[in-house]
>>> print(open('protein_4.cif').read())   # mmCIF, C-alpha atoms
data_query
#
loop_
_atom_site.label_atom_id
_atom_site.label_comp_id
_atom_site.auth_asym_id
_atom_site.auth_seq_id
_atom_site.Cartn_x
_atom_site.Cartn_y
_atom_site.Cartn_z
CA MET A 1 51.70 -41.66 -201.67
CA ASN A 2 50.87 -43.55 -204.89
CA THR A 3 54.00 -45.12 -206.39
CA THR A 4 52.25 -47.41 -208.86
CA ALA A 5 53.04 -47.21 -212.57
CA PRO A 6 50.83 -44.87 -214.62
CA LEU A 7 47.90 -46.36 -216.50
CA ARG A 8 48.81 -46.62 -220.18
CA VAL A 9 46.27 -45.35 -222.69
CA LEU A 10 46.15 -45.93 -226.45
CA VAL A 11 44.22 -43.38 -228.52
CA VAL A 12 42.86 -44.75 -231.82
CA ASP A 13 41.64 -42.08 -234.28
CA ASP A 14 42.40 -41.57 -237.97
CA ASP A 15 42.29 -37.76 -237.64
CA PHE A 16 45.80 -36.91 -236.43
CA ARG A 17 44.67 -33.57 -234.97
CA VAL A 18 41.95 -35.19 -232.88
CA ALA A 19 44.26 -38.03 -231.87
CA ASP A 20 46.93 -35.58 -230.71
CA LEU A 21 44.36 -33.56 -228.72
CA HIS A 22 43.16 -36.70 -226.96
CA ARG A 23 46.72 -37.86 -226.33
CA ASP A 24 47.60 -34.51 -224.74
CA ALA A 25 44.39 -34.63 -222.66
CA VAL A 26 45.38 -38.06 -221.33
CA ASP A 27 48.91 -36.94 -220.46
CA ALA A 28 47.46 -33.98 -218.54
CA VAL A 29 45.71 -36.29 -216.07
CA PRO A 30 47.93 -37.46 -213.17
CA GLY A 31 48.39 -41.21 -213.10
CA PHE A 32 48.02 -41.67 -216.86
CA ARG A 33 50.47 -41.96 -219.75
CA ALA A 34 49.42 -41.82 -223.39
CA LEU A 35 51.06 -44.09 -225.95
CA GLU A 36 51.70 -43.00 -229.53
CA PRO A 37 48.23 -42.81 -231.16
CA ALA A 38 47.14 -45.39 -233.73
CA ARG A 39 45.35 -44.31 -236.92
CA SER A 40 43.63 -47.55 -237.90
CA ILE A 41 42.41 -50.87 -236.53
CA GLY A 42 45.45 -52.63 -237.99
CA THR A 43 47.97 -50.33 -236.32
CA ALA A 44 45.91 -50.41 -233.12
CA ARG A 45 46.11 -54.21 -233.00
CA SER A 46 49.88 -54.07 -233.39
CA ALA A 47 50.21 -51.40 -230.70
CA ILE A 48 47.98 -53.35 -228.30
CA ALA A 49 49.99 -56.53 -228.83
CA GLU A 50 53.28 -54.70 -228.27
CA HIS A 51 52.42 -52.28 -225.46
CA ARG A 52 49.43 -53.95 -223.73
CA PRO A 53 47.65 -50.70 -222.76
CA ASP A 54 45.32 -50.60 -219.78
CA LEU A 55 42.75 -48.49 -221.62
CA VAL A 56 41.93 -47.86 -225.28
CA LEU A 57 40.14 -44.66 -226.38
CA ILE A 58 38.78 -45.54 -229.81
CA ASP A 59 36.79 -43.84 -232.54
CA ASN A 60 34.12 -46.02 -234.15
CA TYR A 61 34.67 -44.86 -237.74
CA LEU A 62 38.14 -45.95 -238.88
CA PRO A 63 39.59 -46.49 -242.39
CA ASP A 64 39.70 -50.28 -242.11
CA GLY A 65 36.61 -51.01 -240.04
CA GLU A 66 34.58 -50.12 -236.96
CA GLY A 67 36.17 -49.46 -233.61
CA VAL A 68 33.35 -51.33 -231.88
CA GLU A 69 34.50 -54.56 -233.53
CA LEU A 70 38.03 -54.01 -232.25
CA VAL A 71 36.66 -53.47 -228.73
CA ARG A 72 34.97 -56.85 -228.97
CA SER A 73 38.22 -58.66 -229.71
CA ILE A 74 40.85 -57.08 -227.43
CA ASP A 75 41.92 -57.87 -223.89
CA ALA A 76 41.84 -54.28 -222.63
CA ASP A 77 39.32 -51.84 -221.24
CA ALA A 78 37.92 -49.43 -223.82
CA ILE A 79 35.93 -46.22 -224.08
CA VAL A 80 34.40 -45.39 -227.47
CA LEU A 81 34.75 -41.77 -228.61
CA SER A 82 32.50 -41.30 -231.62
CA ALA A 83 30.26 -38.87 -233.50
CA ALA A 84 27.73 -41.70 -233.81
CA SER A 85 24.82 -40.85 -231.53
CA ASP A 86 22.30 -43.46 -232.64
CA ALA A 87 21.15 -45.81 -229.90
CA GLU A 88 22.01 -48.94 -231.89
CA THR A 89 25.69 -48.02 -232.17
CA VAL A 90 25.83 -47.18 -228.47
CA ARG A 91 24.20 -50.51 -227.57
CA ARG A 92 26.60 -52.39 -229.84
CA ALA A 93 29.57 -50.67 -228.20
CA LEU A 94 28.36 -51.59 -224.72
CA ARG A 95 27.57 -55.17 -225.78
CA ALA A 96 31.08 -55.39 -227.23
CA GLY A 97 32.49 -54.59 -223.80
CA ALA A 98 33.12 -50.82 -223.84
CA ILE A 99 33.01 -49.40 -220.32
CA GLY A 100 32.10 -45.93 -221.58
CA TYR A 101 30.91 -43.94 -224.59
CA LEU A 102 31.52 -40.25 -225.33
CA ILE A 103 29.77 -38.52 -228.22
CA LYS A 104 31.98 -36.18 -230.27
CA PRO A 105 32.53 -33.34 -230.00
CA PHE A 106 32.99 -33.18 -226.25
CA ASP A 107 34.72 -30.90 -223.79
CA SER A 108 38.15 -32.04 -222.60
CA ARG A 109 36.79 -31.93 -219.05
CA ALA A 110 34.38 -34.74 -219.96
CA LEU A 111 37.29 -36.95 -221.00
CA ARG A 112 39.26 -36.03 -217.90
CA GLU A 113 36.28 -36.97 -215.72
CA ARG A 114 36.03 -40.38 -217.42
CA LEU A 115 39.74 -41.00 -216.92
CA GLU A 116 39.61 -40.05 -213.25
CA ARG A 117 36.63 -42.34 -212.76
CA TYR A 118 38.50 -45.12 -214.53
CA ALA A 119 41.50 -44.69 -212.21
CA ARG A 120 39.22 -44.99 -209.16
CA TYR A 121 37.50 -48.02 -210.69
CA ARG A 122 40.87 -49.70 -211.21
CA ASN A 123 41.95 -48.84 -207.68
CA VAL A 124 38.88 -50.55 -206.21
CA LEU A 125 39.45 -53.69 -208.27
CA ASP A 126 43.25 -53.72 -207.97
CA THR A 127 43.38 -56.80 -205.79
CA ALA A 128 43.34 -60.57 -206.14
CA ASP A 129 40.05 -61.02 -204.30
CA VAL A 130 37.06 -58.71 -204.12
CA GLU A 131 33.85 -58.60 -202.14
CA GLN A 132 30.42 -57.80 -203.54
CA ASP A 133 30.48 -54.25 -202.22
CA ASP A 134 33.81 -53.71 -204.06
CA ILE A 135 32.21 -54.79 -207.34
CA ASP A 136 29.12 -52.64 -206.76
CA ARG A 137 31.25 -49.62 -205.89
CA ALA A 138 33.54 -50.11 -208.92
CA LEU A 139 30.61 -50.34 -211.34
CA SER A 140 28.99 -47.29 -209.77
CA ILE A 141 32.21 -45.31 -210.14
CA VAL A 142 32.93 -46.20 -213.77
CA HIS A 143 29.34 -45.57 -214.85
CA GLY A 144 29.14 -42.25 -213.05
CA GLY A 145 26.44 -43.17 -210.57
CA PRO A 146 26.41 -42.24 -206.90
CA ALA A 147 28.59 -44.52 -204.80
CA THR A 148 26.71 -46.69 -202.38
CA THR A 149 26.66 -45.30 -198.86
CA THR A 150 25.80 -48.61 -197.22
CA ARG A 151 28.74 -49.88 -195.22
CA SER A 152 29.71 -53.52 -195.56
CA ALA A 153 30.16 -55.70 -192.50
CA THR A 154 33.93 -55.51 -193.03
CA GLU A 155 33.95 -51.71 -193.12
CA GLN A 156 31.82 -51.54 -189.99
CA MET A 157 34.21 -53.93 -188.22
CA ILE A 158 37.19 -51.81 -189.26
CA LEU A 159 35.55 -48.61 -188.01
CA THR A 160 34.63 -50.23 -184.71
CA THR A 161 38.18 -51.50 -184.28
CA LEU A 162 39.63 -48.12 -185.20
CA GLY A 163 37.47 -46.30 -182.67
CA ALA A 164 38.76 -42.87 -181.71
CA ARG A 165 42.44 -43.62 -182.17
CA GLU A 166 44.88 -43.56 -185.07
CA ALA A 167 46.19 -46.80 -186.58
CA SER A 168 47.87 -48.26 -189.65
CA ALA A 169 46.29 -50.72 -192.09
CA GLY A 170 48.59 -53.44 -190.71
CA GLU A 171 47.49 -52.85 -187.14
CA ILE A 172 43.82 -52.86 -188.11
CA ALA A 173 44.29 -56.03 -190.17
CA THR A 174 45.88 -57.87 -187.24
CA GLU A 175 43.17 -56.86 -184.78
CA CYS A 176 40.32 -57.62 -187.21
CA GLY A 177 41.77 -60.93 -188.35
CA ILE A 178 41.78 -59.94 -192.04
CA SER A 179 44.57 -59.53 -194.58
CA ARG A 180 46.49 -56.26 -194.76
CA ALA A 181 45.43 -55.88 -198.41
CA THR A 182 41.76 -56.15 -197.44
CA ALA A 183 42.17 -53.62 -194.64
CA GLN A 184 44.07 -51.26 -196.93
CA ARG A 185 41.42 -51.52 -199.65
CA HIS A 186 38.55 -50.72 -197.31
CA LEU A 187 40.43 -47.92 -195.56
CA ALA A 188 41.33 -46.34 -198.91
CA ALA A 189 37.69 -46.53 -200.02
CA MET A 190 36.48 -44.97 -196.78
CA ALA A 191 39.13 -42.25 -197.06
CA ALA A 192 37.86 -41.42 -200.56
CA ARG A 193 34.36 -41.01 -199.12
CA GLY A 194 35.57 -38.91 -196.20
CA VAL A 195 34.68 -41.53 -193.58
CA VAL A 196 38.28 -41.71 -192.34
CA ASP A 197 41.20 -39.29 -192.52
CA VAL A 198 44.69 -40.25 -193.69
CA ARG A 199 47.91 -38.92 -192.23
CA LEU A 200 51.54 -39.66 -193.05
CA ARG A 201 53.96 -40.57 -190.28
CA TYR A 202 57.67 -40.78 -191.03
CA GLY A 203 59.60 -43.46 -189.15
CA SER A 204 63.30 -44.07 -188.65
CA THR A 205 63.65 -45.64 -192.11
CA GLY A 206 62.44 -42.46 -193.76
CA ARG A 207 59.55 -44.22 -195.47
CA PRO A 208 56.14 -42.70 -194.70
CA GLU A 209 53.41 -44.84 -193.13
CA HIS A 210 49.75 -44.17 -193.73
CA ARG A 211 47.83 -43.73 -190.47
CA TYR A 212 44.04 -43.70 -190.37
CA ALA A 213 41.60 -42.08 -187.98
CA ALA A 214 37.83 -41.71 -188.01
CA SER A 215 36.85 -38.44 -189.65
CA ARG A 216 35.64 -35.69 -187.33
CA GLY A 217 34.12 -33.77 -190.20
#
>>> encode(input="protein_4.cif", output="structure tokens")
Amino acid sequence: MNTTAPLRVLVVDDDFRVADLHRDAVDAVPGFRALEPARSIGTARSAIAEHRPDLVLIDNYLPDGEGVELVRSIDADAIVLSAASDAETVRRALRAGAIGYLIKPFDSRALRERLERYARYRNVLDTADVEQDDIDRALSIVHGGPATTTRSATEQMILTTLGAREASAGEIATECGISRATAQRHLAAMAARGVVDVRLRYGSTGRPEHRYAASRG
């Protein structure tokens, strides 16, 4: 069960109808919460300073400048949503640090897919320390490529330790000699790929515990 706070998203678009559509699309995706849209770079800067969003969805053509230039200067992830389809604008957006680019008009399902990918990307990198396979997997997820199927040495050790039984992340961590956070991260990644199955077991405290077992599928 995911009890983390929703990812906050700021939509920046001077067309209030488009901004409201994108805001509603964000709110329709579990795990996300849209902030009040901003209509210009100036209001976007103020909103970012006040609310510190996790992700900014920004049009490139705004009344007081280009969204790409705002992307370059903010401490937040950003996806550019723009009618500009020329390669130079796309390259500038990516050089500025945008993690995605959607050409308008687009289907709402395309935005939902990007948001779901972003949530998975954040989940992989939501830890103090990462390994190279975590970075590779996160980049593959956010850019829409196929996730690597090569298991890291740590994942292989976890699977070997798990064997044919069922165990918690804490139990696996102790037996493998790794931190619980590392075990949890790898088990969650393998569960997403269908390598292991996750079950909930309720103890005497009433709080569910995640139990993992090698997938039989």
>>> atom_distance(input="protein_4.cif", atom1="CA of Ala25 in chain A", atom2="CA of Arg45 in chain A")
22.2 Å
>>> atom_distance(input="protein_4.cif", atom1="CA of Ala49 in chain A", atom2="CA of Arg33 in chain A")
17.2 Å
>>> residues_around(input="protein_4.cif", residues="range 84-90 of chain A", least_positions_apart="6", cutoff="12 Å", atoms="all atoms listed in the file", output="list in words")
Asp59, Asn60, Tyr61, Glu66, Gly67, Val68, Glu69, Ala96, Gly97, Ala98, Ile99, Gly100, Tyr101, Leu102, Ile103, Lys104 and Pro105 of chain A
>>> resolve_selection(input="protein_4.cif", expression="the PyMOL selection byres ((chain A and resi 117-127) around 8)", output="NGL selection string")
:A and (7 or 31 or 113-116 or 128-130 or 134-135 or 137-139 or 141-142 or 144 or 181 or 185 or 189)
>>> resolve_selection(input="protein_4.cif", expression="the PyMOL selection byres ((chain A and resi 13) around 10)", output="compact mmCIF listing (two decimals) with C-alpha atoms, in the coordinates of the input")
# COMPACT_ATOMS: atom_id res chain seq x y z
CA LEU A 10 46.15 -45.93 -226.45
CA VAL A 11 44.22 -43.38 -228.52
CA VAL A 12 42.86 -44.75 -231.82
CA ASP A 14 42.40 -41.57 -237.97
CA ASP A 15 42.29 -37.76 -237.64
CA PHE A 16 45.80 -36.91 -236.43
CA ARG A 17 44.67 -33.57 -234.97
CA VAL A 18 41.95 -35.19 -232.88
CA ALA A 19 44.26 -38.03 -231.87
CA ASP A 20 46.93 -35.58 -230.71
CA HIS A 22 43.16 -36.70 -226.96
CA PRO A 37 48.23 -42.81 -231.16
CA ALA A 38 47.14 -45.39 -233.73
CA ARG A 39 45.35 -44.31 -236.92
CA SER A 40 43.63 -47.55 -237.90
CA ILE A 41 42.41 -50.87 -236.53
CA ALA A 44 45.91 -50.41 -233.12
CA LEU A 57 40.14 -44.66 -226.38
CA ILE A 58 38.78 -45.54 -229.81
CA ASP A 59 36.79 -43.84 -232.54
CA ASN A 60 34.12 -46.02 -234.15
CA TYR A 61 34.67 -44.86 -237.74
CA LEU A 62 38.14 -45.95 -238.88
CA PRO A 63 39.59 -46.49 -242.39
CA GLY A 67 36.17 -49.46 -233.61
CA LEU A 81 34.75 -41.77 -228.61
CA SER A 82 32.50 -41.30 -231.62
>>> resolve_selection(input="protein_4.cif", expression="the PyMOL selection byres ((chain A and resi 210-217) around 12)", output="NGL selection string")
:A and (1-2 or 155-156 or 158-172 or 183-184 or 186-203 or 207-209)
>>> write_last_selection(input="protein_4.cif", atoms="C-alpha atoms", output="mmCIF file, in the coordinates of the input")
data_model
loop_
_atom_site.group_PDB
_atom_site.id
_atom_site.type_symbol
_atom_site.label_atom_id
_atom_site.label_comp_id
_atom_site.auth_asym_id
_atom_site.auth_seq_id
_atom_site.Cartn_x
_atom_site.Cartn_y
_atom_site.Cartn_z
ATOM 1 C CA MET A 1 51.700 -41.660 -201.670
ATOM 2 C CA ASN A 2 50.870 -43.550 -204.890
ATOM 3 C CA GLU A 155 33.950 -51.710 -193.120
ATOM 4 C CA GLN A 156 31.820 -51.540 -189.990
ATOM 5 C CA ILE A 158 37.190 -51.810 -189.260
ATOM 6 C CA LEU A 159 35.550 -48.610 -188.010
ATOM 7 C CA THR A 160 34.630 -50.230 -184.710
ATOM 8 C CA THR A 161 38.180 -51.500 -184.280
ATOM 9 C CA LEU A 162 39.630 -48.120 -185.200
ATOM 10 C CA GLY A 163 37.470 -46.300 -182.670
ATOM 11 C CA ALA A 164 38.760 -42.870 -181.710
ATOM 12 C CA ARG A 165 42.440 -43.620 -182.170
ATOM 13 C CA GLU A 166 44.880 -43.560 -185.070
ATOM 14 C CA ALA A 167 46.190 -46.800 -186.580
ATOM 15 C CA SER A 168 47.870 -48.260 -189.650
ATOM 16 C CA ALA A 169 46.290 -50.720 -192.090
ATOM 17 C CA GLY A 170 48.590 -53.440 -190.710
ATOM 18 C CA GLU A 171 47.490 -52.850 -187.140
ATOM 19 C CA ILE A 172 43.820 -52.860 -188.110
ATOM 20 C CA ALA A 183 42.170 -53.620 -194.640
ATOM 21 C CA GLN A 184 44.070 -51.260 -196.930
ATOM 22 C CA HIS A 186 38.550 -50.720 -197.310
ATOM 23 C CA LEU A 187 40.430 -47.920 -195.560
ATOM 24 C CA ALA A 188 41.330 -46.340 -198.910
ATOM 25 C CA ALA A 189 37.690 -46.530 -200.020
ATOM 26 C CA MET A 190 36.480 -44.970 -196.780
ATOM 27 C CA ALA A 191 39.130 -42.250 -197.060
ATOM 28 C CA ALA A 192 37.860 -41.420 -200.560
ATOM 29 C CA ARG A 193 34.360 -41.010 -199.120
ATOM 30 C CA GLY A 194 35.570 -38.910 -196.200
ATOM 31 C CA VAL A 195 34.680 -41.530 -193.580
ATOM 32 C CA VAL A 196 38.280 -41.710 -192.340
ATOM 33 C CA ASP A 197 41.200 -39.290 -192.520
ATOM 34 C CA VAL A 198 44.690 -40.250 -193.690
ATOM 35 C CA ARG A 199 47.910 -38.920 -192.230
ATOM 36 C CA LEU A 200 51.540 -39.660 -193.050
ATOM 37 C CA ARG A 201 53.960 -40.570 -190.280
ATOM 38 C CA TYR A 202 57.670 -40.780 -191.030
ATOM 39 C CA GLY A 203 59.600 -43.460 -189.150
ATOM 40 C CA ARG A 207 59.550 -44.220 -195.470
ATOM 41 C CA PRO A 208 56.140 -42.700 -194.700
ATOM 42 C CA GLU A 209 53.410 -44.840 -193.130
#
>>> atom_distance(input="protein_4.cif", atom1="CA of Gly42 in chain A", atom2="CA of Val71 in chain A")
12.8 Å
>>> closest_residue(input="protein_4.cif", among="A:Val9, A:Gly65, A:Ile79, A:Arg91", to="Arg52 in chain A", atoms="only C-alpha atoms")
A:Val9
>>> axis_aligned_box(input="protein_4.cif", around="range 119-130 of chain A", padding_each_side="6 Å", output="lines of an AutoDock Vina configuration file")
center_x = 40.2
center_y = -52.9
center_z = -208.2
size_x = 18.3
size_y = 28.3
size_z = 20.1
>>> closest_residue(input="protein_4.cif", among="A:Ser73, A:Leu21, A:Asp27, A:Ser152", to="Phe106 in chain A", atoms="all atoms listed in the file")
A:Leu21
>>> closest_residue(input="protein_4.cif", among="A:Leu70, A:Ala173, A:Leu111, A:Val29", to="Thr43 in chain A", atoms="all atoms listed in the file")
A:Leu70
>>> decode(input="protein_4.cif", residues="range 179-210 of chain A", atoms="N, CA, C and O atoms", output="PDB file, in the first residue's frame")
ATOM      1  N   SER A 179      20.937  -3.223   3.252  1.00  0.00           N
ATOM      2  CA  SER A 179      19.969  -2.427   3.988  1.00  0.00           C
ATOM      3  C   SER A 179      18.552  -2.818   3.583  1.00  0.00           C
ATOM      4  O   SER A 179      18.320  -3.333   2.478  1.00  0.00           O
ATOM      5  N   ARG A 180      17.603  -2.549   4.479  1.00  0.00           N
ATOM      6  CA  ARG A 180      16.203  -2.863   4.173  1.00  0.00           C
ATOM      7  C   ARG A 180      15.727  -2.030   2.982  1.00  0.00           C
ATOM      8  O   ARG A 180      14.967  -2.515   2.144  1.00  0.00           O
ATOM      9  N   ALA A 181      16.186  -0.766   2.912  1.00  0.00           N
ATOM     10  CA  ALA A 181      15.778   0.110   1.803  1.00  0.00           C
ATOM     11  C   ALA A 181      16.244  -0.455   0.465  1.00  0.00           C
ATOM     12  O   ALA A 181      15.503  -0.427  -0.523  1.00  0.00           O
ATOM     13  N   THR A 182      17.470  -0.988   0.433  1.00  0.00           N
ATOM     14  CA  THR A 182      17.988  -1.572  -0.803  1.00  0.00           C
ATOM     15  C   THR A 182      17.186  -2.805  -1.196  1.00  0.00           C
ATOM     16  O   THR A 182      16.812  -2.982  -2.362  1.00  0.00           O
ATOM     17  N   ALA A 183      16.900  -3.657  -0.204  1.00  0.00           N
ATOM     18  CA  ALA A 183      16.107  -4.860  -0.476  1.00  0.00           C
ATOM     19  C   ALA A 183      14.717  -4.484  -0.970  1.00  0.00           C
ATOM     20  O   ALA A 183      14.216  -5.063  -1.952  1.00  0.00           O
ATOM     21  N   GLN A 184      14.108  -3.489  -0.319  1.00  0.00           N
ATOM     22  CA  GLN A 184      12.769  -3.064  -0.699  1.00  0.00           C
ATOM     23  C   GLN A 184      12.748  -2.511  -2.124  1.00  0.00           C
ATOM     24  O   GLN A 184      11.843  -2.810  -2.914  1.00  0.00           O
ATOM     25  N   ARG A 185      13.763  -1.735  -2.460  1.00  0.00           N
ATOM     26  CA  ARG A 185      13.828  -1.127  -3.794  1.00  0.00           C
ATOM     27  C   ARG A 185      13.924  -2.191  -4.883  1.00  0.00           C
ATOM     28  O   ARG A 185      13.207  -2.150  -5.885  1.00  0.00           O
ATOM     29  N   HIS A 186      14.793  -3.173  -4.673  1.00  0.00           N
ATOM     30  CA  HIS A 186      14.968  -4.217  -5.671  1.00  0.00           C
ATOM     31  C   HIS A 186      13.750  -5.134  -5.742  1.00  0.00           C
ATOM     32  O   HIS A 186      13.342  -5.544  -6.838  1.00  0.00           O
ATOM     33  N   LEU A 187      13.149  -5.434  -4.602  1.00  0.00           N
ATOM     34  CA  LEU A 187      11.953  -6.278  -4.607  1.00  0.00           C
ATOM     35  C   LEU A 187      10.794  -5.573  -5.310  1.00  0.00           C
ATOM     36  O   LEU A 187      10.047  -6.199  -6.070  1.00  0.00           O
ATOM     37  N   ALA A 188      10.651  -4.266  -5.075  1.00  0.00           N
ATOM     38  CA  ALA A 188       9.589  -3.502  -5.733  1.00  0.00           C
ATOM     39  C   ALA A 188       9.808  -3.477  -7.243  1.00  0.00           C
ATOM     40  O   ALA A 188       8.857  -3.602  -8.033  1.00  0.00           O
ATOM     41  N   ALA A 189      11.050  -3.315  -7.669  1.00  0.00           N
ATOM     42  CA  ALA A 189      11.364  -3.293  -9.098  1.00  0.00           C
ATOM     43  C   ALA A 189      11.076  -4.653  -9.727  1.00  0.00           C
ATOM     44  O   ALA A 189      10.524  -4.738 -10.840  1.00  0.00           O
ATOM     45  N   MET A 190      11.442  -5.722  -9.035  1.00  0.00           N
ATOM     46  CA  MET A 190      11.181  -7.057  -9.570  1.00  0.00           C
ATOM     47  C   MET A 190       9.690  -7.373  -9.579  1.00  0.00           C
ATOM     48  O   MET A 190       9.193  -8.063 -10.474  1.00  0.00           O
ATOM     49  N   ALA A 191       8.959  -6.850  -8.593  1.00  0.00           N
ATOM     50  CA  ALA A 191       7.505  -7.046  -8.578  1.00  0.00           C
ATOM     51  C   ALA A 191       6.860  -6.346  -9.769  1.00  0.00           C
ATOM     52  O   ALA A 191       5.934  -6.876 -10.393  1.00  0.00           O
ATOM     53  N   ALA A 192       7.368  -5.153 -10.108  1.00  0.00           N
ATOM     54  CA  ALA A 192       6.830  -4.409 -11.256  1.00  0.00           C
ATOM     55  C   ALA A 192       7.066  -5.158 -12.559  1.00  0.00           C
ATOM     56  O   ALA A 192       6.284  -5.045 -13.501  1.00  0.00           O
ATOM     57  N   ARG A 193       8.147  -5.940 -12.611  1.00  0.00           N
ATOM     58  CA  ARG A 193       8.461  -6.703 -13.825  1.00  0.00           C
ATOM     59  C   ARG A 193       7.856  -8.098 -13.799  1.00  0.00           C
ATOM     60  O   ARG A 193       8.031  -8.866 -14.742  1.00  0.00           O
ATOM     61  N   GLY A 194       7.190  -8.462 -12.703  1.00  0.00           N
ATOM     62  CA  GLY A 194       6.569  -9.769 -12.615  1.00  0.00           C
ATOM     63  C   GLY A 194       7.515 -10.885 -12.211  1.00  0.00           C
ATOM     64  O   GLY A 194       7.168 -12.063 -12.319  1.00  0.00           O
ATOM     65  N   VAL A 195       8.719 -10.511 -11.733  1.00  0.00           N
ATOM     66  CA  VAL A 195       9.692 -11.530 -11.323  1.00  0.00           C
ATOM     67  C   VAL A 195       9.306 -12.116  -9.971  1.00  0.00           C
ATOM     68  O   VAL A 195       9.505 -13.300  -9.719  1.00  0.00           O
ATOM     69  N   VAL A 196       8.765 -11.265  -9.087  1.00  0.00           N
ATOM     70  CA  VAL A 196       8.279 -11.739  -7.791  1.00  0.00           C
ATOM     71  C   VAL A 196       6.840 -11.299  -7.611  1.00  0.00           C
ATOM     72  O   VAL A 196       6.383 -10.331  -8.236  1.00  0.00           O
ATOM     73  N   ASP A 197       6.116 -12.015  -6.765  1.00  0.00           N
ATOM     74  CA  ASP A 197       4.742 -11.662  -6.415  1.00  0.00           C
ATOM     75  C   ASP A 197       4.725 -11.027  -5.035  1.00  0.00           C
ATOM     76  O   ASP A 197       5.563 -11.338  -4.181  1.00  0.00           O
ATOM     77  N   VAL A 198       3.765 -10.128  -4.819  1.00  0.00           N
ATOM     78  CA  VAL A 198       3.634  -9.440  -3.536  1.00  0.00           C
ATOM     79  C   VAL A 198       2.312  -9.811  -2.902  1.00  0.00           C
ATOM     80  O   VAL A 198       1.269  -9.798  -3.563  1.00  0.00           O
ATOM     81  N   ARG A 199       2.368 -10.147  -1.611  1.00  0.00           N
ATOM     82  CA  ARG A 199       1.151 -10.435  -0.855  1.00  0.00           C
ATOM     83  C   ARG A 199       1.152  -9.588   0.407  1.00  0.00           C
ATOM     84  O   ARG A 199       2.210  -9.192   0.903  1.00  0.00           O
ATOM     85  N   LEU A 200      -0.029  -9.320   0.931  1.00  0.00           N
ATOM     86  CA  LEU A 200      -0.146  -8.572   2.182  1.00  0.00           C
ATOM     87  C   LEU A 200      -0.510  -9.538   3.299  1.00  0.00           C
ATOM     88  O   LEU A 200      -1.427 -10.351   3.160  1.00  0.00           O
ATOM     89  N   ARG A 201       0.226  -9.437   4.398  1.00  0.00           N
ATOM     90  CA  ARG A 201      -0.098 -10.239   5.581  1.00  0.00           C
ATOM     91  C   ARG A 201      -0.361  -9.279   6.731  1.00  0.00           C
ATOM     92  O   ARG A 201       0.437  -8.391   7.012  1.00  0.00           O
ATOM     93  N   TYR A 202      -1.511  -9.455   7.390  1.00  0.00           N
ATOM     94  CA  TYR A 202      -1.881  -8.591   8.496  1.00  0.00           C
ATOM     95  C   TYR A 202      -1.476  -9.237   9.819  1.00  0.00           C
ATOM     96  O   TYR A 202      -1.846 -10.371  10.120  1.00  0.00           O
ATOM     97  N   GLY A 203      -0.695  -8.485  10.615  1.00  0.00           N
ATOM     98  CA  GLY A 203      -0.235  -8.987  11.900  1.00  0.00           C
ATOM     99  C   GLY A 203      -1.130  -8.522  13.026  1.00  0.00           C
ATOM    100  O   GLY A 203      -2.220  -7.974  12.818  1.00  0.00           O
ATOM    101  N   SER A 204      -0.660  -8.704  14.250  1.00  0.00           N
ATOM    102  CA  SER A 204      -1.457  -8.358  15.425  1.00  0.00           C
ATOM    103  C   SER A 204      -1.660  -6.860  15.563  1.00  0.00           C
ATOM    104  O   SER A 204      -2.623  -6.406  16.174  1.00  0.00           O
ATOM    105  N   THR A 205      -0.751  -6.055  14.989  1.00  0.00           N
ATOM    106  CA  THR A 205      -0.887  -4.603  15.103  1.00  0.00           C
ATOM    107  C   THR A 205      -1.906  -4.051  14.119  1.00  0.00           C
ATOM    108  O   THR A 205      -2.305  -2.896  14.219  1.00  0.00           O
ATOM    109  N   GLY A 206      -2.323  -4.863  13.172  1.00  0.00           N
ATOM    110  CA  GLY A 206      -3.279  -4.409  12.185  1.00  0.00           C
ATOM    111  C   GLY A 206      -2.649  -3.787  10.964  1.00  0.00           C
ATOM    112  O   GLY A 206      -3.324  -3.512   9.973  1.00  0.00           O
ATOM    113  N   ARG A 207      -1.332  -3.552  11.010  1.00  0.00           N
ATOM    114  CA  ARG A 207      -0.642  -2.967   9.868  1.00  0.00           C
ATOM    115  C   ARG A 207      -0.187  -4.073   8.917  1.00  0.00           C
ATOM    116  O   ARG A 207       0.422  -5.057   9.337  1.00  0.00           O
ATOM    117  N   PRO A 208      -0.490  -3.925   7.625  1.00  0.00           N
ATOM    118  CA  PRO A 208      -0.118  -4.983   6.676  1.00  0.00           C
ATOM    119  C   PRO A 208       1.383  -5.004   6.415  1.00  0.00           C
ATOM    120  O   PRO A 208       2.047  -3.965   6.416  1.00  0.00           O
ATOM    121  N   GLU A 209       1.920  -6.214   6.188  1.00  0.00           N
ATOM    122  CA  GLU A 209       3.331  -6.381   5.845  1.00  0.00           C
ATOM    123  C   GLU A 209       3.406  -6.972   4.445  1.00  0.00           C
ATOM    124  O   GLU A 209       2.673  -7.889   4.108  1.00  0.00           O
ATOM    125  N   HIS A 210       4.270  -6.393   3.639  1.00  0.00           N
ATOM    126  CA  HIS A 210       4.461  -6.927   2.296  1.00  0.00           C
ATOM    127  C   HIS A 210       5.327  -8.180   2.377  1.00  0.00           C
ATOM    128  O   HIS A 210       6.412  -8.163   2.975  1.00  0.00           O
TER     129      HIS A 210
END
